[in-house]
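Below: one structure, written as C-alpha cells.
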Amino acid sequence: MARRRRGRTGEGTVKFLTFGLCLAMVVGCCYYIYQYHIRFNPDKILSESILKEKSFASKPIEVISPKNKIKAYLIEDRNVPIISFSFLFKGAGYISDPEKQQGISKVVAAMLTEGTQKLTSQEFKEKLEDKAIGISFSVGLDDFTGAMVTTKEHKEEAYSLLKDTLTEPRFDNEDLQRIKLQIQKSFLLQKEHPKNLLSLAFKEYIYGRHPYGRNPLGKWEDVSLLTPADLQNYMQSHLGKNNFIIGVTGDITPQELGKVLDDIFGQLPSNSAINFVRAPQIDFSLPAYNIEHKTGGQNISRFAAKGVSRNDEDFYPLYVANHIFGGSGLSSRLSQAAREEKGLTYSIYSYLSLADKSPLIQGGFSSTADKYEEVKEIFEEEWEKFGKAGATEEEVENAKQYLLSSYNLRFASVADLAEILLYMQKENLGLDFLQNRNKNIEKITTQEVNEAARKYFVPNGYVSVNIGSFTKE
Amino acid sequence: MAKIYNIIFTVLIICFCIKDSNAKLFGAQSFKLDNGMEVIVIENHKAPIIKHMIWYKAGAVDEKNGKGGTAHLLEHLMFRGTSKVSGKVFDEVLKQNGVINNAFTSYDFTGYHHSADISKLELIMALEADRMENLEISPENFALERDIVYQERKQVVDNNPAAPFSESFRKVLWQEHPYSRSISGTEDEINSLELKDVKDFYEGFYAPNNAILILSGDIDMNTAKILAEKYYGRLKSRPLATKAAFKPLKENLSSKIKMSLPQIKTSRLIKTYIAPSYNTDKEEIYPLAVFSKYVGDGETSELYKELVLKQKLALTISSSYDYATRSYGKFSISALPASGVKLEDLEVAIDKVLQKSVKELNIDKVNKTKDKMLSGLVYLQDNPLEAAGTVGFMSAIGMSVDDIEKHADNLRKVNYQAVKESAQKLLSQTPVVTGILSPKGEK
C-alpha cells in the first residue's frame, strides 16, 4: 500500500511536474516567439542581419610639393574619375577686412570667377561650363575659402584656370561695377526676412564694435568705393602661401599632386600681412534684447553662451553634452520638451559654433507670439536643469552610439572628404584624426559630460536676442 | 523633420562629359515585388553607407478639397509610432544606430529617407515596412502634430515676407488646379483637419503598390532583392484611393499680379509659363530643357548676357524648367531689376530677348548648349546619398529607370529644329502669368 501510495504520489508528482514543465515550455515558447518574432527587436534584427559592419579607413597622406614645400592632405579615391580641392587662406575672413574697406573680401571672392588676364569674364565662365569645372570662392568670419572640382578628363584645364585666377585675376572695372551693384541688392534683401534681421542684430549686440559684430556683407559705403587696385592689394596682403591650407581627394596620385601644388599655388605671395584681430569679450550677463518687429508669423529667438575651441580638452565632452541638450533633432532635451511633448514649436536647437576667436554654444527657436513665453520658460528650465543635473548614463551612451555609428556618412562625396582634410589641418587634428576620432568619442565618460554641462550650461550664462511682438495686448 | 520640399530640378543640376552614348548616368537598376512595390538599386561601393528611401506616389495634390495640409500632417504622424513600435522607440533606436532620417511632402509625392552605415539597413527596412501597414494615430498625437505643423507653416511660410506674394501668384497661375494649393495647408485648413482625414489618406495611398523603394550605396542587386523581399515582400497590396484628376487649365489666361508688401525692400519680377512635362508631353521636355539652359541658365545664358551685361536692366536673371511633375510643368524666369528700372520695362525687354533668342537659334548654339549639359555627367556617380534623391524624385513622378538612365541620350538626340519649334510653341502658349513684387509705397 505504502509502496503503491508512494507510487501514486510519485506518479502524481511526475504528472504534476510534467504538466508544469509543459506549461513552462509553452509559456517559454510563447515568450520566445513574442520576444523574437512578434515584438520589435532591434538587437535581433541587427545580430542576424546579413549586412555587417565593415572596417573602413580612408587614410590620408601628407604631400609636400617639391619646390615650394606647400603641404596638402590627400586621400586618393579612384571610384569615380573626379578630383576635388578644398582650400582656405587662414585669417583672411571678413573680420580682417581693413577698417575702411569692410566687404572687400566678399568682392574679391566674387571677382575671382570673373576672368583672368587671358580670359574675359564670359570666356572664363564658358570654359567652366564646357568642361564641367567648378571653381568657387567664399568668405566666412575667419577665413577666405575656395573649392575646385573637375573631371579627370579636363583636369589640366581646371588647374590652369585656378592658377590664372589666383595669380593674374582680371578685375575688370565693368565686372567690378556689376558685382558691387549685386552686393548693393544683397544689402536690401538681407533686411527682409526677420531671421536675417535678427542675425545681424545678434552679432551687433553680443560683439559690439568688435569685427565679429560686422555685417558679413561689409559696409555699402566702403564697397562702393573699391577699385581694381584695392582688390589687387587685398590679394597680395591676404592670400599668401603662409596662410594657405588645402585638402585634396579623388583620382590623383601624390606625385602628381606635388607638382600641381607648385604649379597652381607656387606663385602666391610668400607672406600675407593680415591685421591681427584680438579675441572679443562677450558679456554673457547682458539682458535679453527684444526687437519689436511685425513679422508674418512668429517670434524668433537666438542665444549664445560660452563654448570651447576644437582643441580644448573640454571639446568632446561638451560636444556630447550639446548633442543631448539640443543637437540631436527630435530626441534632444529641447525638442522633446517644447516640440514633441507640447507642440509649441517646429524647431528648437543648439549647436557648438567654432569661430576661431569666439567659440560659443549657440541656438534658438521660433514660435507664434501666444506660445513664445511658454517656450522661453521651457528653454530656461531645461538649460538650468541640464547645468545642474547633467545627463543620464543612458543618454550619454545613446549619444555616443549615434556619433560613432553615423561617422561613415561623412564620406559620401569627394568634396565632403576634401573639406574634412582641410579642417583637420586648420584645427591641427593630426594626420591620424580619421582613425582616432571614434576612439576619442568612445573614451568620453558620463562624468566628463556632466562636468562640461556644469561648467558651460551655467544658470543665466547666456545672452539672447529676439525679434517679434513682445508687448502684451 | 518634415520640410516642405520644393525641388527645382532643372535638367541634371550641375552641368556635366561622357562622349559615348549608352554610358550609365547613375547605374540604377530596378525590379518589382509581387505586391506591386517598385525597387530601384543604385550600387556605389565607395563607402560602407546606404540611403534608404520610400517614396509614396501621393502628395498634396491628392488631398480632398479644403483639406490642405493632410499629406503633410500625415508625414509628421508617421514618426509617432505604430501598433508595434512607439514613436519614441522608433526615434531612439534609429538615433542609437547613427541613422539620419527625415521626410518631405511635395505636391506629387511624399518621401521618407534614412542615411546610415550599411550594417543598419535591415533595421531601417523593418521599421519602414512596419509603418507602411501598422501606423497608429492617437487623438493626443494627432493634436500635438497638428500644432507642430501649424508652427511649421508659421516658420517656413509666414515668417517669409515674400510669402503672401508667392501664394497669390501660385493661385493665379494654377487656377483650380491642385498645384495652386499650399502644401502645408492654409492656417484655417490646418486647424480644421481631423484625424479621419489623415487616416483616410494613409489607408488610401500608403500601400506597397503605391510606393517606390530606393537603395543607394554599398549594396549589390542580389542582396537588395533578398532584403526587399524579406521586409516588404510580405506586405499586402491594397486598393488605392482615387488620385487627383488634373482638369485642363484655361488656355487663354494671360495675367499679371502686382503686389507691394511692407517688409519687402527691393522689387523683383517673375514670369511663369505653364509648360509640357514628362507626363503631359514627353517628347517636348528634352528640347525645352535645352532651350531653358540656352536662354536663362547661368551667367553665360542669353538673358543674362543681354539684360545684365549689355542693357544693364537687371542685376540677376535666370530661368528654370520643371518638367518632372505628375501634371503640367512650368518654365519660369526670375529677375532682380537694376535700380531705377521699371519692372514693366524689364518685362518688355525680357519678352524681346526671348523672341530674339529663338529667332537667332542655330545648329551651333544648340550643339554648344547640349555639350554643356552633357559635360561632367560622371559627377552623378559620386555621392550615393544625393543620387538616391534625384533618381527617386524622377521615378516618383512616373519616369522609368530606363528613361532616367537615358536622359543624356535623349538630350543628345535633340536637334536644332526641335528646340526652335518647342520654344516657339512655349512662348506663344498661355497660361502665362507675370508677377511683380515691390516694397510698400514704391510704384
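Within each chain, counting starts at residue 1; across the C-alpha cells, chains are named A, B, ... in the order shown, with ligands numbered 1 upward in that order.
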Q: Write out as a ChimeraX atom specification each polymer residue whose atoms come within 12 Å of Leu188 in chain A, counting only C-alpha atoms; drop sequence neighbours fewer than 5 positions from it.
A: /A:181-183,193,196-197,217,220 /B:263-268,336,339,439
Selection to disk with C-alpha atoms, as a PDB file, in the first residue's frame:
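Result saved to part.pdb:
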ATOM      1  CA  LEU A 181      25.513  96.600 -57.620  1.00  0.00           C
ATOM      2  CA  GLN A 182      24.637  92.968 -56.962  1.00  0.00           C
ATOM      3  CA  ILE A 183      26.048  93.301 -53.457  1.00  0.00           C
ATOM      4  CA  HIS A 193      13.413  88.215 -43.540  1.00  0.00           C
ATOM      5  CA  ASN A 196      18.275  87.761 -41.140  1.00  0.00           C
ATOM      6  CA  LEU A 197      17.463  90.958 -39.249  1.00  0.00           C
ATOM      7  CA  LEU A 217      28.496  91.899 -46.452  1.00  0.00           C
ATOM      8  CA  TRP A 220      27.979  99.635 -48.665  1.00  0.00           C
TER       9      TRP A 220
ATOM     10  CA  GLN B 263       8.754  94.197 -45.299  1.00  0.00           C
ATOM     11  CA  ILE B 264       9.938  93.975 -48.899  1.00  0.00           C
ATOM     12  CA  LYS B 265      12.978  96.165 -49.548  1.00  0.00           C
ATOM     13  CA  THR B 266      13.623  95.616 -53.227  1.00  0.00           C
ATOM     14  CA  SER B 267      11.438  94.669 -56.153  1.00  0.00           C
ATOM     15  CA  ARG B 268      11.550  91.543 -58.277  1.00  0.00           C
ATOM     16  CA  LEU B 336      16.044  91.435 -59.916  1.00  0.00           C
ATOM     17  CA  SER B 339      17.997 100.342 -59.527  1.00  0.00           C
ATOM     18  CA  PRO B 439       8.289  97.476 -51.493  1.00  0.00           C
TER      19      PRO B 439
END
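With only C-alpha atoms taken into account, the protein and nucleic acid residues at most 7 Å from range 310-326 of chain B (excluding it and anything under 6 positions from it in its own chain) are A:Gln182, B:Ile8, B:Phe9, B:Thr10, B:Asp108, B:Pro276, B:Ser277, B:Tyr278, B:Asn279, B:Ile285, B:Ala289, B:Ser292, B:Gly296, B:Asp297, B:Gly298, B:Leu303, B:Tyr304, B:Ser332, B:Ile333, B:Ser334, B:Ala335, B:Leu336, B:Pro337, B:Ala338, B:Val341, B:Leu346, B:Met394, B:Ile397.
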Q: Please return, as a ChimeraX atom specification, all residues of chain A lying within 6 Å of chain B when only C-alpha atoms are considered.
A: /A:51-53,129-130,132,182,188,192-193,295-297,343,345-346,398,401-402,405-406,412-413
Kindly export the residues of the current selection with C-alpha atoms, as a PDB file, in the first residue's frame.
ATOM      1  CA  LEU A  51      24.958  43.071 -43.693  1.00  0.00           C
ATOM      2  CA  LYS A  52      27.793  43.509 -41.236  1.00  0.00           C
ATOM      3  CA  GLU A  53      29.928  46.412 -40.214  1.00  0.00           C
ATOM      4  CA  GLU A 129      30.642  75.160 -68.164  1.00  0.00           C
ATOM      5  CA  ASP A 130      32.056  73.467 -71.276  1.00  0.00           C
ATOM      6  CA  ALA A 132      32.224  70.903 -66.215  1.00  0.00           C
ATOM      7  CA  GLN A 182      24.637  92.968 -56.962  1.00  0.00           C
ATOM      8  CA  LEU A 188      18.477  95.222 -49.256  1.00  0.00           C
ATOM      9  CA  GLU A 192      13.668  91.487 -45.419  1.00  0.00           C
ATOM     10  CA  HIS A 193      13.413  88.215 -43.540  1.00  0.00           C
ATOM     11  CA  THR A 295       6.666  89.508 -38.648  1.00  0.00           C
ATOM     12  CA  GLY A 296       4.201  87.417 -40.570  1.00  0.00           C
ATOM     13  CA  GLY A 297       4.234  84.584 -38.159  1.00  0.00           C
ATOM     14  CA  GLY A 343       3.610  71.044 -29.794  1.00  0.00           C
ATOM     15  CA  THR A 345       7.378  74.979 -31.852  1.00  0.00           C
ATOM     16  CA  TYR A 346       8.591  73.380 -35.056  1.00  0.00           C
ATOM     17  CA  ASN A 398      22.978  56.793 -26.776  1.00  0.00           C
ATOM     18  CA  GLN A 401      26.439  55.419 -30.182  1.00  0.00           C
ATOM     19  CA  TYR A 402      24.884  57.928 -32.548  1.00  0.00           C
ATOM     20  CA  SER A 405      27.552  54.878 -35.949  1.00  0.00           C
ATOM     21  CA  SER A 406      26.821  57.877 -38.130  1.00  0.00           C
ATOM     22  CA  ALA A 412      29.671  60.267 -49.138  1.00  0.00           C
ATOM     23  CA  SER A 413      31.318  62.589 -51.636  1.00  0.00           C
TER      24      SER A 413
END
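Of the residues under consideration (B:Ala408, B:Leu269, B:Val61, B:Leu193), B:Leu269 shows the shortest atom-to-atom contact distance to Ile257 in chain B when counting only C-alpha atoms.
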Please provide as a compact mmCIF listing (two decimals) with N, CA and C atoms, in the first residue's frame all residues within 12 Å of Asn440 in chain A, with the sequence filter that same-chain residues fewer than 3 positions apart are discarded (counting only C-alpha atoms).
# COMPACT_ATOMS: atom_id res chain seq x y z
N GLU A 313 40.41 70.67 -24.18
CA GLU A 313 40.18 69.33 -23.64
C GLU A 313 38.72 69.09 -23.29
N ASP A 314 37.96 70.17 -23.16
CA ASP A 314 36.53 70.01 -22.90
C ASP A 314 35.72 69.78 -24.16
N PHE A 315 36.39 69.84 -25.33
CA PHE A 315 35.62 69.81 -26.57
C PHE A 315 34.72 68.58 -26.69
N TYR A 316 35.31 67.40 -26.61
CA TYR A 316 34.49 66.19 -26.82
C TYR A 316 33.35 66.04 -25.79
N PRO A 317 33.65 66.21 -24.50
CA PRO A 317 32.54 66.12 -23.53
C PRO A 317 31.43 67.15 -23.81
N TYR A 319 30.74 68.48 -26.67
CA TYR A 319 30.11 68.07 -27.93
C TYR A 319 28.99 67.07 -27.65
N VAL A 320 29.28 66.11 -26.81
CA VAL A 320 28.27 65.12 -26.44
C VAL A 320 27.16 65.77 -25.61
N LYS A 400 26.72 58.77 -27.68
CA LYS A 400 27.99 58.24 -28.19
C LYS A 400 27.74 57.25 -29.32
N LEU A 403 26.95 59.15 -32.47
CA LEU A 403 28.12 59.81 -33.07
C LEU A 403 29.07 58.78 -33.69
N LEU A 404 29.16 57.61 -33.10
CA LEU A 404 30.03 56.56 -33.64
C LEU A 404 29.44 55.96 -34.91
N LEU A 429 44.37 68.69 -36.13
CA LEU A 429 43.85 67.46 -35.55
C LEU A 429 44.78 66.27 -35.82
N ASP A 432 46.26 61.37 -38.36
CA ASP A 432 45.54 60.15 -37.98
C ASP A 432 44.17 60.44 -37.35
N PHE A 433 43.68 61.67 -37.52
CA PHE A 433 42.41 62.05 -36.92
C PHE A 433 41.27 61.10 -37.29
N LEU A 434 41.17 60.77 -38.58
CA LEU A 434 40.05 59.92 -39.03
C LEU A 434 40.06 58.57 -38.33
N GLN A 435 41.26 58.10 -38.02
CA GLN A 435 41.38 56.82 -37.33
C GLN A 435 41.12 56.97 -35.83
N ASN A 436 41.38 58.16 -35.30
CA ASN A 436 41.26 58.34 -33.84
C ASN A 436 39.94 58.91 -33.38
N ARG A 437 39.21 59.50 -34.31
CA ARG A 437 38.01 60.23 -33.91
C ARG A 437 37.06 59.35 -33.09
N LYS A 443 35.96 57.10 -25.53
CA LYS A 443 36.59 57.36 -24.22
C LYS A 443 35.76 58.24 -23.29
N ILE A 444 34.84 59.02 -23.87
CA ILE A 444 34.13 60.01 -23.05
C ILE A 444 33.27 59.33 -21.98
N THR A 445 33.36 59.82 -20.77
CA THR A 445 32.56 59.24 -19.69
C THR A 445 31.41 60.18 -19.33
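Counting from CA of Val63 in chain A, the distance to CA of Glu419 in chain A is 16.0 Å.
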Which residues, written as a PDB file with C-alpha atoms, in the first residue's frame, have at least one atom at most 9 Å from Lys219 in chain A, with only C-alpha atoms counted and residues fewer than 2 positions away on the same chain left out?
ATOM      1  CA  LYS A 100      37.832 101.346 -44.150  1.00  0.00           C
ATOM      2  CA  GLN A 101      37.268  98.550 -46.645  1.00  0.00           C
ATOM      3  CA  GLN A 102      34.641  96.441 -44.990  1.00  0.00           C
ATOM      4  CA  GLY A 103      33.283  93.980 -47.510  1.00  0.00           C
ATOM      5  CA  PHE A 187      22.154  94.576 -48.549  1.00  0.00           C
ATOM      6  CA  ARG A 214      30.232  93.183 -38.540  1.00  0.00           C
ATOM      7  CA  ASN A 215      27.694  92.675 -41.257  1.00  0.00           C
ATOM      8  CA  PRO A 216      29.087  89.778 -43.343  1.00  0.00           C
ATOM      9  CA  LEU A 217      28.496  91.899 -46.452  1.00  0.00           C
ATOM     10  CA  GLU A 221      29.856 102.960 -48.336  1.00  0.00           C
ATOM     11  CA  ASP A 222      33.133 101.039 -48.302  1.00  0.00           C
ATOM     12  CA  VAL A 223      32.194  98.534 -51.005  1.00  0.00           C
ATOM     13  CA  SER A 224      31.029 101.282 -53.346  1.00  0.00           C
TER      14      SER A 224
END
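One distance worth recording is that between CA of Asp263 in chain A and CA of Thr227 in chain A, which is 28.5 Å.
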Q.
Could you check the closest approach to Met221 in chain B for each of B:Val348, B:Val290, B:Ala388, B:Ile42 and tell me which residue wins, using only C-alpha atoms?
A. B:Ile42
Q: List every residue of range 142-389 of chain A that DSSP, applied to the backbone, labels as helix (DSSP H, G or I), and write the result as a ChimeraX atom specification.
A: /A:152-167,173-189,194-207,211-213,220-225,228-238,241-243,254-265,315-327,329-331,333-340,369-389
